[in-house]
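Engineer: File name upload12.txt; file contents compact mmCIF, C-alpha atoms; full text below.
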```txt
# COMPACT_ATOMS: atom_id res chain seq x y z
CA MET A 14 -39.93 55.59 9.69
CA THR A 15 -36.50 55.61 11.39
CA GLN A 16 -35.52 52.28 12.91
CA PRO A 17 -33.17 52.20 15.90
CA THR A 18 -29.63 50.94 15.31
CA PRO A 19 -29.11 47.62 17.12
CA GLU A 20 -26.62 47.70 19.99
CA VAL A 21 -23.12 46.41 19.21
CA ARG A 22 -21.49 44.06 21.70
CA VAL A 23 -18.54 41.71 21.98
CA ALA A 24 -19.29 38.14 20.96
CA THR A 25 -19.02 34.97 23.01
CA ALA A 26 -18.13 31.46 21.89
CA ALA A 27 -21.84 30.64 21.92
CA ASP A 28 -22.42 33.15 19.09
CA PHE A 29 -20.27 31.29 16.59
CA ASP A 30 -22.98 29.18 14.95
CA ASP A 31 -25.10 32.27 14.30
CA VAL A 32 -22.02 34.01 12.88
CA ALA A 33 -21.43 31.07 10.56
CA GLU A 34 -25.04 31.20 9.37
CA LEU A 35 -24.80 34.95 8.70
CA LEU A 36 -21.57 34.57 6.75
CA GLY A 37 -22.95 31.65 4.74
CA ASP A 38 -25.96 33.75 3.74
CA ALA A 39 -23.95 36.90 3.02
CA PHE A 40 -21.36 35.18 0.81
CA HIS A 41 -23.80 32.66 -0.70
CA ASP A 42 -21.58 29.80 0.45
CA PRO A 43 -22.88 27.96 3.53
CA TYR A 44 -20.38 26.25 5.80
CA ASN A 45 -20.46 22.47 5.80
CA ALA A 46 -20.01 20.68 9.12
CA GLU A 47 -16.27 20.08 8.73
CA SER A 48 -15.42 23.61 7.63
CA ARG A 49 -17.56 25.04 10.40
CA GLU A 50 -15.56 23.20 13.04
CA VAL A 51 -12.25 24.26 11.51
CA ALA A 52 -13.42 27.89 11.42
CA ARG A 53 -14.58 27.57 15.03
CA GLY A 54 -11.02 26.62 15.93
CA VAL A 55 -9.62 30.00 14.80
CA PHE A 56 -12.58 32.12 15.91
CA GLU A 57 -11.65 34.67 18.61
CA PRO A 58 -14.86 35.70 20.39
CA ASP A 59 -13.23 38.52 22.33
CA ARG A 60 -12.16 40.11 19.03
CA SER A 61 -15.58 39.77 17.41
CA LEU A 62 -18.22 42.49 17.36
CA LEU A 63 -21.86 41.81 16.56
CA ALA A 64 -25.28 43.38 16.50
CA ARG A 65 -28.55 41.56 17.11
CA ASP A 66 -32.09 42.66 16.43
CA GLY A 67 -34.77 40.79 18.32
CA GLY A 68 -32.34 37.97 19.00
CA ASN A 69 -31.36 37.58 15.33
CA LEU A 70 -27.76 38.29 14.31
CA MET A 71 -27.75 41.19 11.89
CA ALA A 72 -24.10 42.24 11.55
CA HIS A 73 -20.66 41.00 12.51
CA ALA A 74 -16.97 41.90 12.16
CA ALA A 75 -13.97 40.15 13.70
CA ALA A 76 -10.19 40.01 13.74
CA PHE A 77 -7.60 37.29 14.09
CA THR A 78 -4.46 37.76 16.17
CA ARG A 79 -1.57 37.01 13.83
CA ALA A 80 1.79 38.40 12.76
CA LEU A 81 2.38 39.87 9.29
CA THR A 82 5.70 40.04 7.45
CA VAL A 83 6.48 43.58 6.28
CA PRO A 84 9.65 44.93 4.66
CA GLY A 85 12.52 43.82 6.88
CA ALA A 86 10.41 42.86 9.90
CA THR A 87 7.40 41.02 11.29
CA VAL A 88 4.68 43.00 13.06
CA PRO A 89 1.54 42.10 15.01
CA ALA A 90 -1.42 42.81 12.74
CA ALA A 91 -5.16 42.59 13.25
CA HIS A 92 -6.34 40.26 10.47
CA VAL A 93 -9.83 41.63 9.90
CA THR A 94 -12.35 39.02 8.79
CA MET A 95 -15.91 37.66 8.96
CA VAL A 96 -17.48 41.00 8.04
CA ALA A 97 -21.11 40.76 7.03
CA VAL A 98 -24.46 42.53 7.34
CA ALA A 99 -27.79 40.75 6.92
CA THR A 100 -29.73 41.60 3.78
CA THR A 101 -32.62 42.88 5.91
CA HIS A 102 -30.42 45.41 7.75
CA ARG A 103 -28.35 47.02 5.02
CA ARG A 104 -28.14 50.80 4.70
CA ARG A 105 -28.51 51.38 8.44
CA GLY A 106 -24.90 52.25 9.20
CA LEU A 107 -24.13 48.90 10.84
CA LEU A 108 -20.96 48.27 8.86
CA ARG A 109 -19.72 51.77 9.57
CA THR A 110 -20.45 51.36 13.29
CA LEU A 111 -18.61 48.02 13.46
CA MET A 112 -15.58 49.17 11.50
CA HIS A 113 -15.21 52.42 13.44
CA ARG A 114 -15.43 50.64 16.77
CA GLN A 115 -13.05 47.91 15.67
CA LEU A 116 -10.41 50.43 14.58
CA ARG A 117 -10.77 52.36 17.81
CA GLU A 118 -10.33 49.20 19.89
CA ILE A 119 -7.29 48.07 17.91
CA HIS A 120 -5.70 51.48 18.33
CA ASP A 121 -6.45 51.79 22.03
CA ALA A 122 -5.16 48.29 22.80
CA GLY A 123 -1.77 49.43 21.50
CA ARG A 124 -0.59 45.98 20.38
CA GLU A 125 -1.11 46.07 16.61
CA PRO A 126 0.07 49.07 14.58
CA VAL A 127 -1.73 47.88 11.43
CA ALA A 128 -4.80 45.96 10.34
CA VAL A 129 -5.00 43.87 7.17
CA LEU A 130 -7.83 42.24 5.20
CA TRP A 131 -9.00 40.71 1.93
CA ALA A 132 -11.85 42.74 0.46
CA SER A 133 -14.92 41.14 -1.07
CA GLU A 134 -15.29 44.36 -3.07
CA GLY A 135 -12.58 46.97 -3.43
CA ARG A 136 -14.93 49.92 -2.99
CA ILE A 137 -15.89 49.02 0.58
CA TYR A 138 -12.83 49.58 2.72
CA PRO A 139 -11.01 52.71 1.47
CA ARG A 140 -13.60 54.81 3.30
CA PHE A 141 -12.27 53.30 6.52
CA GLY A 142 -8.67 54.15 5.63
CA TYR A 143 -7.59 50.83 4.11
CA GLY A 144 -5.19 51.06 1.17
CA LEU A 145 -4.41 48.44 -1.47
CA ALA A 146 -1.02 47.19 -0.26
CA ALA A 147 -0.49 43.97 -2.23
CA GLN A 148 -1.77 42.79 -5.59
CA ARG A 149 -1.80 39.31 -7.07
CA LEU A 150 -1.76 37.63 -10.42
CA SER A 151 -4.43 35.14 -11.39
CA LEU A 152 -3.03 32.67 -13.93
CA ASP A 153 -5.11 30.54 -16.29
CA CYS A 154 -2.91 28.85 -18.81
CA PRO A 155 -2.51 25.83 -21.06
CA ALA A 156 -0.41 22.98 -19.76
CA THR A 157 1.87 20.43 -21.41
CA THR A 158 2.34 21.40 -25.06
CA GLU A 159 1.78 25.17 -25.11
CA LEU A 160 4.29 26.19 -22.43
CA ARG A 161 7.90 25.15 -22.14
CA LEU A 162 10.22 25.52 -19.17
CA PRO A 163 14.02 25.35 -19.27
CA GLU A 164 15.88 22.16 -18.48
CA PRO A 165 17.50 21.94 -15.03
CA THR A 166 21.06 23.23 -14.95
CA SER A 167 22.16 21.41 -11.79
CA ALA A 168 21.80 17.95 -10.30
CA PRO A 169 18.08 17.34 -9.81
CA GLY A 170 16.55 16.87 -6.39
CA THR A 171 13.79 14.37 -5.72
CA LEU A 172 10.04 14.85 -5.88
CA ARG A 173 7.40 13.05 -3.84
CA LEU A 174 3.64 13.20 -3.41
CA ALA A 175 1.88 13.13 -0.06
CA ALA A 176 -1.38 13.95 1.68
CA PRO A 177 -0.85 17.50 3.01
CA ALA A 178 -1.92 16.65 6.56
CA ALA A 179 0.64 13.84 6.72
CA VAL A 180 3.54 16.21 5.95
CA GLN A 181 2.22 19.32 7.70
CA PRO A 182 5.22 19.60 10.09
CA GLU A 183 7.60 19.61 7.12
CA LEU A 184 5.54 22.21 5.29
CA ALA A 185 5.40 24.36 8.40
CA ARG A 186 9.16 24.31 8.94
CA LEU A 187 9.87 25.45 5.38
CA TYR A 188 7.09 28.03 5.43
CA ASP A 189 8.35 29.51 8.72
CA ARG A 190 11.90 29.71 7.38
CA LEU A 191 10.86 31.57 4.25
CA ARG A 192 8.06 33.70 5.70
CA VAL A 193 10.38 36.20 7.34
CA ASP A 194 11.61 37.41 3.94
CA ARG A 195 8.28 37.78 2.15
CA PRO A 196 6.08 40.83 2.87
CA GLY A 197 2.43 39.85 2.95
CA TRP A 198 2.82 36.39 4.50
CA SER A 199 1.18 35.74 7.87
CA ASP A 200 2.31 33.36 10.58
CA ARG A 201 0.60 29.97 10.92
CA ASP A 202 0.30 28.03 14.14
CA GLU A 203 -1.25 24.56 14.37
CA ARG A 204 -4.77 25.97 14.24
CA TRP A 205 -3.98 27.92 11.09
CA TRP A 206 -2.34 24.99 9.35
CA ARG A 207 -5.50 23.00 10.03
CA TYR A 208 -7.51 25.88 8.54
CA VAL A 209 -5.28 26.17 5.46
CA LEU A 210 -5.24 22.42 4.79
CA ASN A 211 -8.95 21.88 5.42
CA ASP A 212 -10.30 20.02 2.38
CA PRO A 213 -13.87 18.74 2.78
CA PRO A 214 -15.11 16.68 -0.17
CA GLY A 215 -18.19 18.86 -0.55
CA GLU A 216 -16.05 21.90 -1.40
CA ARG A 217 -13.85 20.36 -4.08
CA GLY A 218 -16.09 21.17 -7.03
CA GLY A 219 -15.62 17.75 -8.58
CA ALA A 220 -11.83 17.83 -8.20
CA THR A 221 -9.59 15.42 -6.35
CA ALA A 222 -8.45 15.81 -2.77
CA ARG A 223 -5.65 18.35 -2.34
CA ARG A 224 -2.17 16.91 -2.78
CA ALA A 225 1.25 18.05 -1.61
CA LEU A 226 4.10 17.92 -4.10
CA LEU A 227 7.40 18.11 -2.22
CA HIS A 228 10.92 18.74 -3.51
CA ASP A 229 13.93 17.53 -1.53
CA GLY A 230 17.31 19.06 -2.25
CA PRO A 231 20.72 18.21 -0.78
CA ASP A 232 19.73 19.57 2.64
CA GLY A 233 16.16 18.24 2.78
CA LEU A 234 12.82 19.79 1.90
CA ASP A 235 13.30 23.03 -0.05
CA GLY A 236 9.99 23.40 -1.88
CA TYR A 237 6.37 22.32 -1.97
CA ALA A 238 3.17 22.92 -3.89
CA LEU A 239 -0.43 22.37 -2.81
CA TRP A 240 -2.64 21.40 -5.74
CA ARG A 241 -5.49 19.27 -6.98
CA SER A 242 -6.75 18.11 -10.36
CA ARG A 243 -10.10 17.65 -12.05
CA GLN A 244 -10.88 15.32 -14.90
CA GLU A 245 -12.38 16.77 -18.06
CA TRP A 246 -12.84 15.07 -21.41
CA GLN A 247 -13.83 16.06 -24.90
CA ARG A 248 -14.61 13.90 -27.91
CA THR A 249 -10.97 14.29 -28.98
CA GLY A 250 -9.45 13.28 -25.64
CA PRO A 251 -8.57 14.46 -22.13
CA THR A 252 -8.66 18.15 -21.16
CA GLY A 253 -8.12 17.90 -17.41
CA LEU A 254 -7.41 20.82 -15.09
CA VAL A 255 -4.67 21.36 -12.50
CA GLN A 256 -5.63 23.79 -9.73
CA VAL A 257 -2.63 25.19 -7.82
CA ASP A 258 -3.26 26.70 -4.39
CA GLU A 259 0.21 27.43 -3.06
CA VAL A 260 3.84 27.21 -4.23
CA VAL A 261 6.69 27.73 -1.76
CA ALA A 262 10.33 27.27 -2.75
CA ALA A 263 13.65 28.16 -1.14
CA GLY A 264 15.53 28.47 -4.43
CA PRO A 265 15.33 28.30 -8.22
CA ASP A 266 16.07 24.56 -8.50
CA ALA A 267 13.12 23.56 -6.34
CA TYR A 268 10.87 26.16 -7.95
CA LEU A 269 11.65 24.96 -11.48
CA ALA A 270 11.20 21.30 -10.55
CA LEU A 271 7.80 21.94 -8.98
CA TRP A 272 6.50 23.86 -11.97
CA ARG A 273 7.88 21.41 -14.52
CA THR A 274 5.76 18.77 -12.77
CA LEU A 275 2.63 20.88 -12.29
CA LEU A 276 2.60 21.86 -15.97
CA SER A 277 2.99 18.29 -17.21
CA VAL A 278 0.44 16.25 -15.26
CA ASP A 279 -0.88 13.42 -17.41
CA LEU A 280 -4.35 13.87 -18.95
CA THR A 281 -4.45 17.61 -18.13
CA ARG A 282 -4.38 20.49 -20.58
CA ARG A 283 -4.98 23.55 -18.37
CA LEU A 284 -3.69 25.01 -15.10
CA THR A 285 -5.01 27.74 -12.79
CA TYR A 286 -3.22 29.56 -9.99
CA PHE A 287 -5.09 32.41 -8.35
CA ARG A 288 -2.53 33.74 -5.85
CA ALA A 289 0.68 34.26 -7.80
CA ALA A 290 2.92 37.14 -6.75
CA VAL A 291 3.31 40.03 -9.19
CA ASP A 292 7.04 39.20 -9.33
CA ASP A 293 6.46 35.46 -9.64
CA PRO A 294 9.50 33.79 -11.29
CA LEU A 295 7.20 31.74 -13.52
CA LEU A 296 6.75 34.84 -15.68
CA ARG A 297 10.50 34.72 -16.41
CA LEU A 298 10.75 30.96 -16.87
CA VAL A 299 8.13 30.04 -19.47
CA ASP A 300 8.92 30.49 -23.14
CA GLU A 301 5.70 32.42 -23.80
CA PRO A 302 4.53 34.44 -20.75
CA ARG A 303 1.41 35.66 -22.56
CA GLN A 304 0.13 32.09 -22.45
CA LEU A 305 -0.02 32.32 -18.64
CA GLY A 306 -3.04 34.58 -19.09
CA PRO A 307 -2.10 36.79 -16.12
CA GLN A 308 -4.78 39.02 -14.67
CA LEU A 309 -3.81 41.64 -12.09
CA LEU A 310 -6.16 41.74 -9.08
CA ASP A 311 -6.24 43.21 -5.61
CA ALA A 312 -5.17 41.11 -2.64
CA LEU A 313 -4.19 42.56 0.75
CA TRP A 314 -5.53 45.86 2.04
CA VAL A 315 -3.67 47.50 4.94
CA ARG A 316 -4.93 50.06 7.45
CA VAL A 317 -2.27 51.93 9.42
CA VAL A 318 -3.77 52.14 12.91
CA ASP A 319 -0.86 53.76 14.76
CA VAL A 320 1.23 55.94 12.41
CA PRO A 321 4.46 56.30 14.42
CA ALA A 322 4.49 52.67 15.59
CA ALA A 323 3.71 51.32 12.10
CA LEU A 324 6.27 53.43 10.24
CA ALA A 325 8.97 52.64 12.81
CA ALA A 326 8.23 48.89 12.70
CA ARG A 327 9.20 48.28 9.07
CA ARG A 328 12.54 48.78 7.33
CA TYR A 329 13.34 50.97 4.33
CA ALA A 330 15.31 50.07 1.23
CA THR A 331 17.38 53.26 1.31
CA ALA A 332 18.06 55.96 3.89
CA VAL A 333 15.09 58.24 4.46
CA ASP A 334 14.63 61.41 6.51
CA LEU A 335 11.21 62.79 5.77
CA VAL A 336 8.47 64.90 7.33
CA VAL A 337 5.03 63.79 6.18
CA GLU A 338 1.71 65.39 7.04
CA VAL A 339 -0.96 62.76 7.57
CA THR A 340 -4.73 63.13 7.70
CA ASP A 341 -6.87 60.52 9.45
CA THR A 342 -10.52 61.39 10.02
CA LEU A 343 -11.35 58.20 11.96
CA LEU A 344 -8.35 58.08 14.28
CA PRO A 345 -7.40 61.74 14.82
CA GLU A 346 -4.38 60.73 16.89
CA ASN A 347 -2.70 59.91 13.57
CA THR A 348 -3.35 63.34 12.09
CA GLY A 349 -0.39 65.69 12.08
CA ARG A 350 3.21 65.97 10.98
CA TRP A 351 5.56 63.03 11.52
CA ARG A 352 9.31 62.79 11.00
CA LEU A 353 10.35 59.40 9.65
CA THR A 354 14.05 58.61 9.85
CA GLY A 355 15.35 55.21 8.89
CA GLY A 356 16.89 52.78 6.46
CA PRO A 357 17.64 49.06 6.05
CA GLN A 358 18.67 48.62 9.70
CA GLY A 359 15.74 50.30 11.46
CA ALA A 360 13.59 53.39 11.74
CA THR A 361 12.08 55.92 14.11
CA CYS A 362 9.00 58.05 13.72
CA ALA A 363 7.92 60.90 15.99
CA ARG A 364 5.63 63.89 15.91
CA THR A 365 7.29 67.12 14.80
CA ASP A 366 6.60 70.80 14.22
CA ASP A 367 9.02 70.92 11.28
CA PRO A 368 7.58 71.87 7.86
CA ALA A 369 6.07 68.94 5.98
CA GLU A 370 7.69 67.73 2.76
CA LEU A 371 4.87 65.39 1.69
CA ALA A 372 1.18 65.27 2.55
CA CYS A 373 -1.23 62.33 2.26
CA ASP A 374 -4.10 60.60 4.01
CA VAL A 375 -3.70 57.47 6.12
CA ARG A 376 -4.98 55.29 3.27
CA CYS A 377 -1.86 56.16 1.25
CA LEU A 378 0.35 54.98 4.09
CA GLY A 379 -1.44 51.64 3.96
CA GLU A 380 -0.78 51.35 0.24
CA LEU A 381 2.92 52.07 0.78
CA TYR A 382 3.33 49.89 3.83
CA LEU A 383 4.26 46.54 2.27
CA GLY A 384 6.51 48.06 -0.38
CA GLY A 385 4.24 47.26 -3.31
CA ALA A 386 2.96 50.72 -4.25
CA GLY A 387 5.14 53.45 -5.71
CA LEU A 388 5.24 56.84 -4.01
CA THR A 389 5.49 58.62 -7.36
CA ALA A 390 2.57 56.61 -8.74
CA LEU A 391 0.41 57.71 -5.82
CA ALA A 392 1.51 61.31 -6.41
CA ALA A 393 0.64 61.01 -10.10
CA ALA A 394 -2.85 59.92 -9.05
CA GLY A 395 -3.17 63.01 -6.85
CA ARG A 396 -3.08 60.96 -3.69
CA VAL A 397 0.22 62.34 -2.36
CA ARG A 398 1.21 66.02 -2.51
CA GLU A 399 4.85 67.06 -2.78
CA LEU A 400 5.34 70.11 -0.59
CA ARG A 401 9.10 70.41 -1.07
CA PRO A 402 10.36 69.93 -4.64
CA GLY A 403 12.54 66.86 -5.09
CA THR A 404 11.10 64.95 -2.13
CA LEU A 405 9.32 62.33 -4.24
CA ALA A 406 12.45 61.40 -6.14
CA ALA A 407 14.54 61.29 -2.97
CA ALA A 408 12.11 59.39 -0.73
CA GLY A 409 10.38 57.14 -3.28
CA PRO A 410 13.00 54.34 -3.41
CA ALA A 411 13.01 54.03 0.38
CA PHE A 412 9.42 52.78 0.50
CA GLY A 413 10.04 49.97 -1.99
CA TRP A 414 11.57 46.60 -1.18
CA HIS A 415 13.66 43.96 -2.94
CA ARG A 416 10.66 41.59 -3.08
CA ALA A 417 7.11 42.48 -3.98
CA PRO A 418 4.48 41.77 -1.34
CA ALA A 419 2.80 38.46 -2.01
CA PRO A 420 -0.61 37.22 -0.91
CA MET A 421 -0.71 33.82 0.73
CA ASP A 422 -3.53 33.09 3.17
CA ILE A 423 -7.11 34.07 2.49
CA PHE A 424 -8.63 34.68 5.89
```
Have the structure of the file written as C-alpha cells, please.
Structural biologist:
Amino acid sequence: MTQPTPEVRVATAADFDDVAELLGDAFHDPYNAESREVARGVFEPDRSLLARDGGNLMAHAAAFTRALTVPGATVPAAHVTMVAVATTHRRRGLLRTLMHRQLREIHDAGREPVAVLWASEGRIYPRFGYGLAAQRLSLDCPATTELRLPEPTSAPGTLRLAAPAAVQPELARLYDRLRVDRPGWSDRDERWWRYVLNDPPGERGGATARRALLHDGPDGLDGYALWRSRQEWQRTGPTGLVQVDEVVAAGPDAYLALWRTLLSVDLTRRLTYFRAAVDDPLLRLVDEPRQLGPQLLDALWVRVVDVPAALAARRYATAVDLVVEVTDTLLPENTGRWRLTGGPQGATCARTDDPAELACDVRCLGELYLGGAGLTALAAAGRVRELRPGTLAAAGPAFGWHRAPAPMDIF
C-alpha cells in the first residue's frame, strides 16, 4: 500500500528539540543537556527543512551560514548539516526530497555558490552532485620512545597550558589570521567557538577535560593545540592516551614545539589525531613516519551550486583558459558549456558556444574545487573526458594549489 509523502516545510525555533531527538536517534548518540543548548545556539530555523507525519518529526536537513576558504579566496558556503530520516520512514524518498529542495533554495537565493558537508557515509551524497573535495589523515601512533622529532634549530619560544574557554580570544585571533590561507577551513564567530570548545563531562569517554597548549614566539601567540588525555595502565606500567583535536601553527618553530610536547606527555604511550591534513608536516618531521599509522579517509564534500559564480570565486595556481561542458541533472541551469579564464589574481566564468575541451558532471567540479583532487586522476577514473588532446596536461596544474585542503570543523 502506497503511503503519502509527508509535506516538507521550513522549521521554526520551536522545532529544535524534536530535531535534536531525531538526530540523537539517527546517529545513536543522544544530545546531553549542555550540548543541546550549544547546538541550539548555532541552529538556523529558516535554513532548516523538515517533514512531519502525524505530528512526529520524520526527516530533517539544515544548513549553516558560514564562509569557506578556497584556493586564494573565501566564499560564502552553505554548510549542510543535521540530515536524518527516522527509521520508520526510510525508503520513501524523504532524503531525496529534502536535498533537492535545499539545493534549489540555495541556488535561487544566489548568495552561496557552493555547499559543503561531512558525510556519515560516502555513498549517500554523490547522487546529489557532491564530490569528495578534501581528505584527511587519521593518525594512531606510539608516543615517547617510538617516535623522535628533531631538536629545535632556533631560540625556543614558551609553552603554556590553559583552559580553552579562558584563552578563546587568543585562539580566535590566530585562527582568523591563518584561516585565509588554508582551503577547507570555515570561519568561526563567537557562537561557533562556543560550539567547537564545548566539552561536557558526559562526552569525554573517561578522558580529561580538553586542554589548550599554547606556544608564544617573539611576537606573541603563534601556535596552539587542543587535546586531552586518558589514563590507561597495564601490569607493567602506564599506557595512557593523548587525544589531539586540533593543531594550528603559524610557522615551523611553533609546530615542532607543540608536537614535541604532545608526543612526550608523562605516563602516556599512544596518541591519536583524527583530522590531520594530507600534507601535514608531522609526516616529514618524525624519524619513522610509518609509526604514525596514517589512514586516508574522506572529509569535506563540496557541491557546486552555481557553476559560473563558483569557478570565478576561487583562484588558480597557473593561467587557465578552458571551455568545459558540465552536466547537472538537479540544477539544469549549470548544464552547458562554460569558458573559465583565470589565474592566481582572479578568474571569470561565462556561458559560451565555443567547442568544449573537457566534459564532466557537476560532481567532478566539486572534487576539484578546493584544489585537492587531480584533474588527470579524475580523467583516469573516467570521470572527466578530454575533448581536445593536450587539455588535461595544460589545465591540470591550474586546479591545484600550494596547500592541500585541510578539514577542521566537523559540523
Engineer: I need every residue sitting at most 10 Å from the point (-6.4, 22.1, 8.9) (coordinates as in the file, only C-alpha atoms considered), written as a ChimeraX atom specification.
Structural biologist: /A:48,51-52,54,177-178,181,203-212
Engineer: With C-alpha atoms kept, could you save the residues just selected as a PDB file, in the coordinates of the input?
Structural biologist:
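Once written, result.pdb looks like this:
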```
ATOM      1  CA  SER A  48     -15.420  23.610   7.630  1.00  0.00           C
ATOM      2  CA  VAL A  51     -12.250  24.260  11.510  1.00  0.00           C
ATOM      3  CA  ALA A  52     -13.420  27.890  11.420  1.00  0.00           C
ATOM      4  CA  GLY A  54     -11.020  26.620  15.930  1.00  0.00           C
ATOM      5  CA  PRO A 177      -0.850  17.500   3.010  1.00  0.00           C
ATOM      6  CA  ALA A 178      -1.920  16.650   6.560  1.00  0.00           C
ATOM      7  CA  GLN A 181       2.220  19.320   7.700  1.00  0.00           C
ATOM      8  CA  GLU A 203      -1.250  24.560  14.370  1.00  0.00           C
ATOM      9  CA  ARG A 204      -4.770  25.970  14.240  1.00  0.00           C
ATOM     10  CA  TRP A 205      -3.980  27.920  11.090  1.00  0.00           C
ATOM     11  CA  TRP A 206      -2.340  24.990   9.350  1.00  0.00           C
ATOM     12  CA  ARG A 207      -5.500  23.000  10.030  1.00  0.00           C
ATOM     13  CA  TYR A 208      -7.510  25.880   8.540  1.00  0.00           C
ATOM     14  CA  VAL A 209      -5.280  26.170   5.460  1.00  0.00           C
ATOM     15  CA  LEU A 210      -5.240  22.420   4.790  1.00  0.00           C
ATOM     16  CA  ASN A 211      -8.950  21.880   5.420  1.00  0.00           C
ATOM     17  CA  ASP A 212     -10.300  20.020   2.380  1.00  0.00           C
TER      18      ASP A 212
END
```
Engineer: I'd like the contact shell of Arg241 in chain A - 12 Å cut-off, only C-alpha atoms, skipping same-chain residues fewer than 5 positions apart - returned as an mmCIF file with C-alpha atoms, keeping the file's coordinate frame.
Structural biologist:
```
data_model
loop_
_atom_site.group_PDB
_atom_site.id
_atom_site.type_symbol
_atom_site.label_atom_id
_atom_site.label_comp_id
_atom_site.auth_asym_id
_atom_site.auth_seq_id
_atom_site.Cartn_x
_atom_site.Cartn_y
_atom_site.Cartn_z
ATOM 1 C CA LEU A 174 3.640 13.200 -3.410
ATOM 2 C CA ALA A 175 1.880 13.130 -0.060
ATOM 3 C CA ALA A 176 -1.380 13.950 1.680
ATOM 4 C CA PRO A 177 -0.850 17.500 3.010
ATOM 5 C CA ASP A 212 -10.300 20.020 2.380
ATOM 6 C CA ARG A 217 -13.850 20.360 -4.080
ATOM 7 C CA GLY A 218 -16.090 21.170 -7.030
ATOM 8 C CA GLY A 219 -15.620 17.750 -8.580
ATOM 9 C CA ALA A 220 -11.830 17.830 -8.200
ATOM 10 C CA THR A 221 -9.590 15.420 -6.350
ATOM 11 C CA ALA A 222 -8.450 15.810 -2.770
ATOM 12 C CA ARG A 223 -5.650 18.350 -2.340
ATOM 13 C CA ARG A 224 -2.170 16.910 -2.780
ATOM 14 C CA ALA A 225 1.250 18.050 -1.610
ATOM 15 C CA LEU A 226 4.100 17.920 -4.100
ATOM 16 C CA GLY A 253 -8.120 17.900 -17.410
ATOM 17 C CA LEU A 254 -7.410 20.820 -15.090
ATOM 18 C CA VAL A 255 -4.670 21.360 -12.500
ATOM 19 C CA GLN A 256 -5.630 23.790 -9.730
ATOM 20 C CA VAL A 257 -2.630 25.190 -7.820
ATOM 21 C CA ASP A 258 -3.260 26.700 -4.390
ATOM 22 C CA GLU A 259 0.210 27.430 -3.060
ATOM 23 C CA LEU A 275 2.630 20.880 -12.290
ATOM 24 C CA VAL A 278 0.440 16.250 -15.260
ATOM 25 C CA THR A 281 -4.450 17.610 -18.130
ATOM 26 C CA LEU A 284 -3.690 25.010 -15.100
ATOM 27 C CA THR A 285 -5.010 27.740 -12.790
ATOM 28 C CA TYR A 286 -3.220 29.560 -9.990
#
```
Engineer: Quick one: everything within 12 Å of Ala26 in chain A, counting only C-alpha atoms, minus sequence neighbours fewer than 6 positions away in the same chain. Send it as a list of chain:residue names.
Structural biologist: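 Neighbouring residues, sequence-local ones excluded: A:Val32, A:Ala33, A:Arg53, A:Gly54, A:Val55, A:Phe56, A:Glu57, A:Pro58, A:Asp59, A:Arg60, A:Ser61, A:Leu62.
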Engineer: Restricted to C-alpha atoms, what would the selected residues look like written as a PDB file, keeping the file's coordinate frame?
Structural biologist:
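And here is the file that came out, selection-v7.pdb:
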```
ATOM      1  CA  VAL A  32     -22.020  34.010  12.880  1.00  0.00           C
ATOM      2  CA  ALA A  33     -21.430  31.070  10.560  1.00  0.00           C
ATOM      3  CA  ARG A  53     -14.580  27.570  15.030  1.00  0.00           C
ATOM      4  CA  GLY A  54     -11.020  26.620  15.930  1.00  0.00           C
ATOM      5  CA  VAL A  55      -9.620  30.000  14.800  1.00  0.00           C
ATOM      6  CA  PHE A  56     -12.580  32.120  15.910  1.00  0.00           C
ATOM      7  CA  GLU A  57     -11.650  34.670  18.610  1.00  0.00           C
ATOM      8  CA  PRO A  58     -14.860  35.700  20.390  1.00  0.00           C
ATOM      9  CA  ASP A  59     -13.230  38.520  22.330  1.00  0.00           C
ATOM     10  CA  ARG A  60     -12.160  40.110  19.030  1.00  0.00           C
ATOM     11  CA  SER A  61     -15.580  39.770  17.410  1.00  0.00           C
ATOM     12  CA  LEU A  62     -18.220  42.490  17.360  1.00  0.00           C
TER      13      LEU A  62
END
```
Engineer: Pick out the residues sitting within 8 Å of Leu271 in chain A, and hand them over as number ranges by chain; count all atoms listed in the file, and ignore anything fewer than 3 positions along from it in its own chain.
Structural biologist: A: 226-228, 236-238, 267-268, 274-275
Engineer: What is the distance, in Å and to one decimal place, between CA of Val375 in chain A and CA of Ala326 in chain A?
Structural biologist: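 Separation between CA of Val375 in chain A and CA of Ala326 in chain A: 16.1 Å.
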Engineer: List every protein, DNA or RNA residue that has an atom no more than 6 Å from (-7.3, 37.7, 13.8) in the file's coordinate frame, counting all atoms listed in the file, and report them as a list in words.
Structural biologist: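 Final list of nearby residues, as requested, is Ala76, Phe77, Thr78, Arg79, Ala91 and His92 of chain A.
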Engineer: Can you list, as a list in words, every protein, DNA or RNA residue that comes within 8 Å of Leu111 in chain A when you count only C-alpha atoms, leaving out same-chain residues fewer than 6 positions away?
Structural biologist: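 In the requested form, the answer reads Val21, Leu62, Leu63, His73 and Ala74 of chain A.
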Engineer: Which one of A:Thr252, A:Pro302, A:Arg109, A:Asp293 sits closest to Leu280 in chain A if you count all atoms listed in the file?
Structural biologist: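 Once distances to Leu280 in chain A are computed over all atoms listed in the file, the minimum belongs to A:Thr252.
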Engineer: By how many Å are CA of Ala147 in chain A and CA of Gly385 in chain A apart?
Structural biologist: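 These two atoms are separated by 5.9 Å.
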Engineer: In Å, rounded to a single decimal, give me how far CA of Ala407 in chain A is from CA of Glu346 in chain A.
Structural biologist: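 Computed distance, CA of Glu346 in chain A to CA of Ala407 in chain A, equals 27.4 Å.
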Engineer: Give the answer as one residue: which of A:Thr94, A:Pro402, A:Pro84, A:Ala289 has the shortest atom-to-atom distance to Ala330 in chain A, using only C-alpha atoms?
Structural biologist: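 Of A:Thr94, A:Pro402, A:Pro84, A:Ala289, the one nearest Ala330 in chain A, counting only C-alpha atoms, is A:Pro84.
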Engineer: Skip Ala408 in chain A itself and residues of its chain fewer than 4 positions away, then list as a VMD selection string all residues within 12 Å of it, counting all atoms listed in the file.
Structural biologist: chain A and resid 329 to 337 353 to 356 370 to 371 381 387 to 389 399 401 to 404 412 to 413
Engineer: Pick the closest to Pro231 in chain A from A:Ala168, A:Ala393, A:Ala270, A:Ile119: which is it, counting only C-alpha atoms?
Structural biologist: A:Ala168
Engineer: From the options A:Met421, A:Cys373, A:Leu378, A:Ala156, which residue's atoms come nearest to Asp279 in chain A, counting only C-alpha atoms?
Structural biologist: A:Ala156
